[in-house]
Amino acid sequence: MAEVVDRFQQGMDELVQRGVRQGIEQGILQGARQGQALVLRRQIERKFGRQTARQFSDLLAEFSGPEDIDRVTDALLECATGEEFIDRVQTG
């Protein structure tokens with residue numbers, strides 16, 4: 001009986017460790033995304049002005065993955081006006 005309890009406890013410990021690792025990884029990814037968003041916002045504000053940066057910030061909730069960041073950086077480099085940038089980011 002003690003052996004069964006030990007195996008159960010060992011299995012539970014492994015599950016907890018795996019969960020902690022996954023939580024840490026998710027936290028790192030989320031922090032990286034937030035950092036990218038802050039850098040992008042700063043660059044957008046420098047190129048297009050504060051109003052466009054605010055509009056971009058409002059759109060951030062709609063972004064879900066790295067492909068969205070790629071799309072925004074491409075638009076930042078290729079668009080000539082803030083309006084063009086926002087339109088392009090919104091339409092994908």
# chains A, B, ... in the order shown; residues from 1 in each chain; ligands from 1

$ residues_around --residues "A:Val72" --least-positions-apart "5" --cutoff "12 Å" --atoms "only C-alpha atoms" --output "VMD selection string"
chain A and resid 36 to 37 39 to 41 43 to 44 53 56 to 57 59 to 60 63 65 to 67 77 to 79 84 to 92

$ closest_residue --among "A:Gln55, A:Ile69, A:Gln9, A:Glu62" --to "A:Gly35" --atoms "only C-alpha atoms"
A:Ile69

$ atom_distance --atom1 "atom CA of A:Leu76" --atom2 "atom CA of A:Ala61"
18.2 Å

$ atom_distance --atom1 "atom CA of A:Ser64" --atom2 "atom CA of A:Gln17"
27.2 Å
